[in-house]
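The structure appears right after this line, and notes come after that.
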Amino acid sequence: MTKPSLKHTIEQALQAVRKGKDEFTLDTESMEVGRILSIVQGVAYAEGVGAVRAEELLMLGHDVPGMALDILPEKIGIVLMGSGKNLKANEEVARTGRVLDVPVGEGLIGRIITPLGMPLDGRGAIREDERWPVELEAPPILHRAPVIKPLQTGLKVIDTLIPIGRGQRELILGDRQTGKTAIALDTICNQKDTGVICIYCAIGQRSSSVARVLNEMEKRGAMAYSFAVVVEGDDQPGMQYIAPYAATTMGEYFMKQGRDVLVVFDDLTRHAQAYRQLSLLLRRPPGREAFPGDIFYIHSRLLERATHLNTEQGGGTLTALPIIETEEQNISAYIPTNLISITDGQIYLNPDLFQRGILPAVDAGKSVSRVGGRAQMPGYRKVAGDLRLTYSQFQELEAFARFGTRLDEETRSKLEHGKRVREILKQERFAPLTPGEQVAVLLAVTKGHFDKLPLEEIDQAQQHVITALTSALDEIELLGEAQANDPIWDTASKALDTLFAKESPEEA
Ligand SMILES: Nc1ncnc2c1ncn2[C@@H]1O[C@H](COP(=O)(O)OP(=O)(O)OP(=O)(O)O)[C@@H](O)[C@H]1O
Ligand SMILES: [Mg+2]
């Protein structure tokens, strides 16, 4: 059934001549050519392609790339990576003998590309150092080290209560329009001068939303250390399916050089839907919510690749922030529960908080970071433990107090304190705080300095603390290394005491 593809053989020979190779071996694998049996919406069936391997790159009708996904005895199912509009039954399907791969290297930084590494920014071809396969095996346990270095988001509520470490996988989930992308974007922008390379992988979104994110990244100078892998909602489902794997491969290249990488997958709900579409077209049996049986595996295989490599492996990290959209706050739907169980914690954004203007709308009770606490700077620990407790107590109390019960003095003061903590944890977009600034403000609130202030003045008081403590702040920042019971704490504490002592008479 196989016949040689002349075009391909000539191309190979030419390549050999160009590279100055003195011998040219005929690659028989890539000469196996079959034909298309049928083609529908991004999926084709072909026969006679020979001993094709899983995930092998195939060329349909000479110029449309595709990936072998289903290998059956009599035919193979191919996922198209380009427009299949001009493809018809009986056209050629040629083997390439290699798996789907993407360009990796320094040349990616600052660029906007498709999952196959084609430029979308009109700035010419990508300079590639190497080509790496889209599907790479996750590093083995023996090559991994515990998560120990923090990845600062610059957002008080996350860095304090749900700290993220480099090499961690933290899920961001919430209903539509609750600020999921905003958190990821703030985190990317906060990586300026930290040496972390950021990858924004947009899957299946509208062009306008992607453009908005990329504009912000450009405007805030984040493109100097980032790049974006973009596949939109109306692109081929095959491209949407491979996008997160391709982005991870591109990130792994840097991780293996000992560097720190952050990948945002925005979002994996769309990714799961694209895979469901492919699976249904390939007639795989549908399971729960019509997703195929291996839907858990496609996400676990992806997120397993995020890790902290040990020093023998270069010590690089790949942090993953997958995003999931929930429907009507149902975090126990199929895809959200899968991802919650795969990741090392989740940041849940609550639409009720969003509506009440409590932004970022992080629901502290439903959010958790299972490994980041160890990576948190010691400076935070002194304030974080207390804060978490008082804040969750406050949330319970507040719900209870709504019934209009008469409250004793102690409960009332707890409520007042909690309200101030919540006020302090609010944060505008693109207003990151350094660890020192965060700790100073949090110290002030835990010490009760804000308790007497009216809620409207909290923001101003916060700014005041930050400006007044600038000198002490630099030292607090050093707490990253030092112990939380250092004399510096006393200095900061005293500075706060004097600051607020000075203010009280003015107000009176
Ligand atoms: N901390 C914040 N302060 C003020 N506005 C915010 C904040 N976070 C998000 N927003 C606003 O909320 C809106 C929704 O944010 P965003 O696009 O990040 O949500 P999303 O959950 O990613 O939405 P989608 O479901 O469409 O992807 C945006 O207009 C954004 O500017
Ligand atoms: Mg979004």
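Residue numbering restarts at 1 for every chain of the structure tokens, chains are lettered A, B, ... in their displayed order, and ligands are numbered from 1 as they appear.
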How close does each residue of chain A get to ligand 1, giving the shortest atom pair and distance in Å to one decimal for every residue with an atom at most 6 Å away, counting only C-alpha atoms and all ligand atoms, sorted by chain and residue number, as JSON lines?
```
{"residue": "A:Arg176", "atom": "CA", "partner": "ligand 1", "partner_atom_place_in_ligand_line": "25 (O)", "distance": 3.2}
{"residue": "A:Gln177", "atom": "CA", "partner": "ligand 1", "partner_atom_place_in_ligand_line": "23 (O)", "distance": 3.3}
{"residue": "A:Thr178", "atom": "CA", "partner": "ligand 1", "partner_atom_place_in_ligand_line": "21 (O)", "distance": 3.9}
{"residue": "A:Gly179", "atom": "CA", "partner": "ligand 1", "partner_atom_place_in_ligand_line": "19 (O)", "distance": 3.3}
{"residue": "A:Lys180", "atom": "CA", "partner": "ligand 1", "partner_atom_place_in_ligand_line": "21 (O)", "distance": 3.9}
{"residue": "A:Thr181", "atom": "CA", "partner": "ligand 1", "partner_atom_place_in_ligand_line": "22 (O)", "distance": 3.7}
{"residue": "A:Ala182", "atom": "CA", "partner": "ligand 1", "partner_atom_place_in_ligand_line": "18 (O)", "distance": 3.6}
{"residue": "A:Leu359", "atom": "CA", "partner": "ligand 1", "partner_atom_place_in_ligand_line": "1 (N)", "distance": 4.4}
{"residue": "A:Pro360", "atom": "CA", "partner": "ligand 1", "partner_atom_place_in_ligand_line": "1 (N)", "distance": 4.2}
{"residue": "A:Gln427", "atom": "CA", "partner": "ligand 1", "partner_atom_place_in_ligand_line": "1 (N)", "distance": 5.4}
{"residue": "A:Glu428", "atom": "CA", "partner": "ligand 1", "partner_atom_place_in_ligand_line": "3 (N)", "distance": 4.2}
{"residue": "A:Arg429", "atom": "CA", "partner": "ligand 1", "partner_atom_place_in_ligand_line": "1 (N)", "distance": 4.5}
```
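Residues in contact with stretch 89-95 of chain A at 8 Å, where only C-alpha atoms are counted and same-chain residues fewer than 6 positions away are skipped, are listed as A:Ser5, A:Glu29, A:Ser30, A:Met31, A:Glu32, A:Val33, A:Gly34, A:Arg35, A:Ile36, A:Leu37, A:Ser38, A:Ile39, A:Ala46, A:Val49, A:Val52, A:Glu56, A:Leu57, A:Leu58, A:Met59, A:Leu60, A:Gly61, A:His62.
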Which residues sit within 12 Å of ligand 2, counting only C-alpha atoms and all ligand atoms, listed as a PyMOL selection string? chain A and resi 172-185+200-213+264-270+322-326+349
Non-local contacts of A:Leu262 (6 Å; only C-alpha atoms; under 5 positions in same chain excluded) as a ChimeraX atom specification: /A:198,318-320
Given the selection you just returned, output its residues as a file containing all heavy atoms, formatted as a PDB file, in the first residue's frame.
```
ATOM      1  N   CYS A 198       8.176  33.937  31.977  1.00  0.00           N
ATOM      2  CA  CYS A 198       6.736  33.670  32.039  1.00  0.00           C
ATOM      3  C   CYS A 198       6.176  33.301  30.677  1.00  0.00           C
ATOM      4  O   CYS A 198       6.565  33.871  29.658  1.00  0.00           O
ATOM      5  CB  CYS A 198       6.007  34.897  32.572  1.00  0.00           C
ATOM      6  SG  CYS A 198       6.596  35.400  34.181  1.00  0.00           S
ATOM      7  N   LEU A 318       9.598  24.815  37.213  1.00  0.00           N
ATOM      8  CA  LEU A 318       8.504  25.169  36.320  1.00  0.00           C
ATOM      9  C   LEU A 318       7.243  25.209  37.174  1.00  0.00           C
ATOM     10  O   LEU A 318       6.815  24.200  37.707  1.00  0.00           O
ATOM     11  CB  LEU A 318       8.375  24.148  35.188  1.00  0.00           C
ATOM     12  CG  LEU A 318       7.470  24.591  34.040  1.00  0.00           C
ATOM     13  CD1 LEU A 318       8.151  24.275  32.712  1.00  0.00           C
ATOM     14  CD2 LEU A 318       6.123  23.936  34.057  1.00  0.00           C
ATOM     15  N   THR A 319       6.722  26.418  37.337  1.00  0.00           N
ATOM     16  CA  THR A 319       5.513  26.601  38.130  1.00  0.00           C
ATOM     17  C   THR A 319       4.329  26.664  37.171  1.00  0.00           C
ATOM     18  O   THR A 319       4.412  27.337  36.149  1.00  0.00           O
ATOM     19  CB  THR A 319       5.595  27.928  38.908  1.00  0.00           C
ATOM     20  OG1 THR A 319       6.875  27.990  39.533  1.00  0.00           O
ATOM     21  CG2 THR A 319       4.503  28.041  39.945  1.00  0.00           C
ATOM     22  N   ALA A 320       3.261  25.972  37.496  1.00  0.00           N
ATOM     23  CA  ALA A 320       2.096  25.998  36.615  1.00  0.00           C
ATOM     24  C   ALA A 320       0.910  26.626  37.321  1.00  0.00           C
ATOM     25  O   ALA A 320       0.604  26.294  38.461  1.00  0.00           O
ATOM     26  CB  ALA A 320       1.746  24.584  36.170  1.00  0.00           C
TER      27      ALA A 320
END
```
Selection: 12 Å around A:Arg166, only C-alpha atoms, excl. self and same-chain fewer than 4 positions, as a VMD selection string: chain A and resid 145 to 153 170 191 194 to 197 255 259 to 263 306 to 309 315 to 321 344 371 to 376
Would you work out the distance separating atom CA of A:Arg388 from atom CA of A:Leu425, expressed in Å to one decimal?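 We find that atom CA of A:Arg388 and atom CA of A:Leu425 lie 11.4 Å from each other.
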Which residue is closest to A:Asn310? Choose from A:Pro336, A:Pro286, A:Gly379, A:Pro139 and count only C-alpha atoms.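 Among A:Pro336, A:Pro286, A:Gly379, A:Pro139, it is A:Pro139 that comes nearest to A:Asn310.
Residues in contact with A:Lys447 at 12 Å, where only C-alpha atoms are counted and same-chain residues fewer than 3 positions away are skipped, are listed as Lys382, Val383, Asp386, Leu387, His417, Arg420, Val421, Val439, Ala440, Val441, Leu442, Leu443, Ala444, Phe450, Asp451, Lys452, Ala492, Ser493, Lys494, Leu496, Asp497 and Phe500 of chain A.
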Between atom CA of A:Phe291 and atom CA of A:Ala272, distance in Å (one decimal):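 Atom-to-atom, atom CA of A:Phe291 to atom CA of A:Ala272, that is 7.9 Å.
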